[in-house]
Amino acid sequence: MKALIQESQDVLDLKISSAQLEMFQKYHAELVEWNEQMNLTAIRDPEGIRVKHFLDSLSCLQAMRNTPLKRLVDVGTGAGFPGIPIKLLYPEIHLTLVESIAKKTAFLEHIVQVLGLKGVEVLQTRAETLGQDAAHRESYDWAVARAVAPLPVLMEYLLPLVKIGGKMLAQKGESGPAEAHRAEKGLHLLGGHLCDLHKVELPGVAEERYLVVAKKVAATPDKYPRREGIPAKRPL
């Protein structure tokens, strides 16, 4: 795990302190232990966890740095990616982790306690439900997700949660540019505007990675997100 310090510096221009590295090491150990009992994540080897979970999550900061980052919501977070690694580097943010599967929310609550994280909320719910909740709708600086759904679906999960002037970020593979092109009409409908398509390169990973970023420029119409399951069945 010590390689994470050097890789973060070399690849992402991020500095990880020894105290932060210790937190990542605890996170790694708990992830491995829980994975022996339940299927939290398919990536289980130390290098895969370091690069494809931790470093990949931190790559989001290439788009987020130098922007308001007080409130962050991570939708479909699974075992806490990318939200928790971002929180470890920016402990002052308020983080909301959204996951619909009970065994994964149990792990999230456990790891938040083990790491002693403050200002983290774990919610077992669907994005469609949360987006219509007045306590969360249009209240976040950033809404993020990775590997949750195609972008035309994902934007309906994320943009309703973002305040005007805030941004949504989707972590995507090689299909990122094509998905971004297909999503432009729907983004406009939801009050968003595509503002960045950032290519990410990770050490030892041949697959192309992209950060697709859209800015919230207008309020999302009240009818979005539509009820549970509809965005995936009938993408905008």
# chains A, B, ... in the order shown; residues from 1 in each chain; ligands from 1

$ select_by_dssp --residues "stretch 105-219 of chain A" --states "strand (DSSP E)" --output "PyMOL selection string"
chain A and resi 120-124+140-146+162-172+192-200+209-216

$ residues_around --residues "stretch 147-164 of chain A" --least-positions-apart "2" --cutoff "9 Å" --atoms "only C-alpha atoms" --output "PyMOL selection string"
chain A and resi 73-77+126-128+130-132+136-145+166-173+176+179-180+182-184+186-187+190-192+212+214-222+224-226+231-236

$ select_by_dssp --residues "stretch 69-220 of chain A" --states "helix (DSSP H, G or I)" --output "VMD selection string"
chain A and resid 83 to 89 102 to 114 127 to 130 151 to 161 176 to 189

$ write_last_selection --atoms "N, CA and C atoms" --output "CSV table (one decimal), in the first residue's frame"
chain,number,residue,atom,x,y,z
A,83,GLY,N,-16.4,7.7,-3.1
A,83,GLY,CA,-16.7,8.6,-2.0
A,83,GLY,C,-15.7,8.6,-0.8
A,84,ILE,N,-15.5,7.4,-0.3
A,84,ILE,CA,-14.6,7.3,0.9
A,84,ILE,C,-13.2,7.7,0.7
A,85,PRO,N,-12.5,7.3,-0.4
A,85,PRO,CA,-11.2,7.7,-0.6
A,85,PRO,C,-11.1,9.3,-0.8
A,86,ILE,N,-12.1,9.9,-1.4
A,86,ILE,CA,-12.1,11.3,-1.5
A,86,ILE,C,-12.2,12.0,-0.1
A,87,LYS,N,-13.1,11.4,0.7
A,87,LYS,CA,-13.2,11.9,2.1
A,87,LYS,C,-12.0,11.8,2.9
A,88,LEU,N,-11.2,10.7,2.6
A,88,LEU,CA,-9.9,10.5,3.4
A,88,LEU,C,-8.9,11.6,3.1
A,89,LEU,N,-9.0,12.2,1.9
A,89,LEU,CA,-8.1,13.3,1.5
A,89,LEU,C,-8.7,14.6,1.8
A,102,ALA,N,-28.5,-4.0,1.2
A,102,ALA,CA,-28.3,-3.9,2.7
A,102,ALA,C,-26.9,-4.4,3.1
A,103,LYS,N,-26.4,-5.5,2.5
A,103,LYS,CA,-25.1,-6.0,3.0
A,103,LYS,C,-24.0,-4.9,2.7
A,104,LYS,N,-24.1,-4.2,1.7
A,104,LYS,CA,-23.1,-3.2,1.4
A,104,LYS,C,-23.3,-1.9,2.3
A,105,THR,N,-24.5,-1.6,2.6
A,105,THR,CA,-24.7,-0.5,3.6
A,105,THR,C,-24.2,-0.9,5.0
A,106,ALA,N,-24.3,-2.2,5.3
A,106,ALA,CA,-23.7,-2.6,6.6
A,106,ALA,C,-22.2,-2.5,6.6
A,107,PHE,N,-21.6,-2.8,5.5
A,107,PHE,CA,-20.1,-2.6,5.4
A,107,PHE,C,-19.8,-1.1,5.5
A,108,LEU,N,-20.5,-0.3,4.8
A,108,LEU,CA,-20.3,1.2,4.8
A,108,LEU,C,-20.4,1.7,6.2
A,109,GLU,N,-21.4,1.4,6.9
A,109,GLU,CA,-21.6,1.9,8.3
A,109,GLU,C,-20.4,1.4,9.2
A,110,HIS,N,-20.0,0.1,8.9
A,110,HIS,CA,-18.8,-0.4,9.7
A,110,HIS,C,-17.5,0.3,9.4
A,111,ILE,N,-17.2,0.5,8.1
A,111,ILE,CA,-16.0,1.2,7.8
A,111,ILE,C,-15.9,2.6,8.2
A,112,VAL,N,-17.0,3.3,8.1
A,112,VAL,CA,-17.1,4.7,8.6
A,112,VAL,C,-16.7,4.7,10.1
A,113,GLN,N,-17.2,3.7,10.9
A,113,GLN,CA,-16.9,3.7,12.3
A,113,GLN,C,-15.5,3.3,12.6
A,114,VAL,N,-15.0,2.3,11.8
A,114,VAL,CA,-13.6,1.9,12.0
A,114,VAL,C,-12.6,3.0,11.7
A,127,ALA,N,-31.6,6.0,-5.9
A,127,ALA,CA,-31.3,7.3,-6.3
A,127,ALA,C,-32.6,8.0,-6.7
A,128,GLU,N,-33.6,7.3,-7.3
A,128,GLU,CA,-34.8,7.9,-7.8
A,128,GLU,C,-35.6,8.5,-6.6
A,129,THR,N,-35.5,7.7,-5.5
A,129,THR,CA,-36.2,8.2,-4.2
A,129,THR,C,-35.5,9.4,-3.6
A,130,LEU,N,-34.2,9.3,-3.5
A,130,LEU,CA,-33.5,10.4,-2.9
A,130,LEU,C,-33.6,11.7,-3.7
A,151,LEU,N,-24.6,6.5,-19.1
A,151,LEU,CA,-24.7,7.9,-18.7
A,151,LEU,C,-26.1,8.5,-18.9
A,152,PRO,N,-26.9,8.1,-20.0
A,152,PRO,CA,-28.2,8.7,-20.1
A,152,PRO,C,-29.2,8.3,-19.0
A,153,VAL,N,-28.8,7.2,-18.3
A,153,VAL,CA,-29.6,6.8,-17.1
A,153,VAL,C,-29.0,7.5,-15.9
A,154,LEU,N,-27.7,7.5,-15.8
A,154,LEU,CA,-27.0,8.0,-14.6
A,154,LEU,C,-27.3,9.5,-14.4
A,155,MET,N,-27.4,10.3,-15.5
A,155,MET,CA,-27.6,11.7,-15.3
A,155,MET,C,-28.9,12.0,-14.6
A,156,GLU,N,-29.9,11.1,-14.8
A,156,GLU,CA,-31.2,11.3,-14.1
A,156,GLU,C,-31.1,11.0,-12.6
A,157,TYR,N,-30.2,10.1,-12.3
A,157,TYR,CA,-29.9,9.9,-10.9
A,157,TYR,C,-29.2,11.0,-10.2
A,158,LEU,N,-28.2,11.6,-10.9
A,158,LEU,CA,-27.3,12.5,-10.3
A,158,LEU,C,-27.7,14.0,-10.3
A,159,LEU,N,-28.1,14.5,-11.5
A,159,LEU,CA,-28.4,15.9,-11.6
A,159,LEU,C,-29.5,16.5,-10.7
A,160,PRO,N,-30.6,15.7,-10.4
A,160,PRO,CA,-31.6,16.3,-9.5
A,160,PRO,C,-31.0,16.5,-8.1
A,161,LEU,N,-29.9,15.9,-7.7
A,161,LEU,CA,-29.3,16.1,-6.4
A,161,LEU,C,-28.3,17.3,-6.3
A,176,GLY,N,-17.0,6.2,-22.5
A,176,GLY,CA,-17.3,7.6,-22.0
A,176,GLY,C,-17.6,8.6,-23.0
A,177,PRO,N,-16.8,8.8,-24.0
A,177,PRO,CA,-17.1,9.9,-25.0
A,177,PRO,C,-18.4,9.6,-25.8
A,178,ALA,N,-18.6,8.4,-26.2
A,178,ALA,CA,-19.9,8.1,-26.9
A,178,ALA,C,-21.1,8.2,-26.0
A,179,GLU,N,-21.0,7.8,-24.8
A,179,GLU,CA,-22.1,8.0,-23.8
A,179,GLU,C,-22.4,9.5,-23.6
A,180,ALA,N,-21.3,10.3,-23.5
A,180,ALA,CA,-21.5,11.7,-23.3
A,180,ALA,C,-22.2,12.4,-24.5
A,181,HIS,N,-21.9,11.9,-25.7
A,181,HIS,CA,-22.6,12.5,-26.9
A,181,HIS,C,-24.0,12.1,-26.8
A,182,ARG,N,-24.4,10.9,-26.5
A,182,ARG,CA,-25.8,10.4,-26.5
A,182,ARG,C,-26.6,11.1,-25.4
A,183,ALA,N,-25.9,11.6,-24.3
A,183,ALA,CA,-26.6,12.1,-23.2
A,183,ALA,C,-26.9,13.6,-23.3
A,184,GLU,N,-26.3,14.3,-24.3
A,184,GLU,CA,-26.4,15.8,-24.3
A,184,GLU,C,-27.8,16.3,-24.3
A,185,LYS,N,-28.7,15.7,-25.0
A,185,LYS,CA,-30.1,16.1,-25.1
A,185,LYS,C,-30.8,16.0,-23.7
A,186,GLY,N,-30.6,14.8,-23.1
A,186,GLY,CA,-31.1,14.6,-21.8
A,186,GLY,C,-30.5,15.5,-20.7
A,187,LEU,N,-29.2,15.8,-20.8
A,187,LEU,CA,-28.6,16.7,-19.8
A,187,LEU,C,-29.3,18.1,-19.9
A,188,HIS,N,-29.5,18.5,-21.1
A,188,HIS,CA,-30.2,19.8,-21.2
A,188,HIS,C,-31.6,19.8,-20.6
A,189,LEU,N,-32.3,18.7,-20.8
A,189,LEU,CA,-33.6,18.6,-20.2
A,189,LEU,C,-33.6,18.6,-18.7

$ closest_residue --among "A:Leu72, A:Val122, A:Val32, A:Ala3" --to "A:Ser18" --atoms "only C-alpha atoms"
A:Ala3

$ closest_residue --among "A:Lys15, A:Arg44, A:Lys26, A:Arg209" --to "A:Ser175" --atoms "only C-alpha atoms"
A:Arg209

$ atom_distance --atom1 "atom CA of A:Val120" --atom2 "atom CA of A:Thr96"
5.8 Å

$ atom_distance --atom1 "atom CA of A:Gly48" --atom2 "atom CA of A:Ala206"
13.0 Å

$ residues_around --residues "A:His53" --least-positions-apart "6" --cutoff "9 Å" --atoms "only C-alpha atoms" --output "number ranges by chain"
A: 43, 81-82, 85

$ write_last_selection --atoms "N, CA and C atoms" --output "PDB file, in the first residue's frame"
ATOM      1  N   ILE A  43     -12.889  -7.021  -7.277  1.00  0.00           N
ATOM      2  CA  ILE A  43     -11.449  -6.741  -7.212  1.00  0.00           C
ATOM      3  C   ILE A  43     -10.983  -6.991  -5.784  1.00  0.00           C
ATOM      4  N   PHE A  81     -16.831   3.488  -3.035  1.00  0.00           N
ATOM      5  CA  PHE A  81     -16.029   4.112  -4.094  1.00  0.00           C
ATOM      6  C   PHE A  81     -16.896   4.903  -5.065  1.00  0.00           C
ATOM      7  N   PRO A  82     -16.484   6.137  -5.375  1.00  0.00           N
ATOM      8  CA  PRO A  82     -15.228   6.803  -5.012  1.00  0.00           C
ATOM      9  C   PRO A  82     -15.299   7.648  -3.735  1.00  0.00           C
ATOM     10  N   PRO A  85     -12.528   7.251  -0.393  1.00  0.00           N
ATOM     11  CA  PRO A  85     -11.167   7.733  -0.642  1.00  0.00           C
ATOM     12  C   PRO A  85     -11.083   9.255  -0.781  1.00  0.00           C
TER      13      PRO A  85
END

$ atom_distance --atom1 "atom CA of A:Ala29" --atom2 "atom CA of A:Pro46"
9.5 Å

$ closest_residue --among "A:Leu58, A:Pro91, A:Tyr27, A:Ala134" --to "A:Gln9" --atoms "only C-alpha atoms"
A:Leu58

$ closest_residue --among "A:Leu12, A:Ala79, A:Leu21, A:Leu202" --to "A:Leu97" --atoms "only C-alpha atoms"
A:Ala79
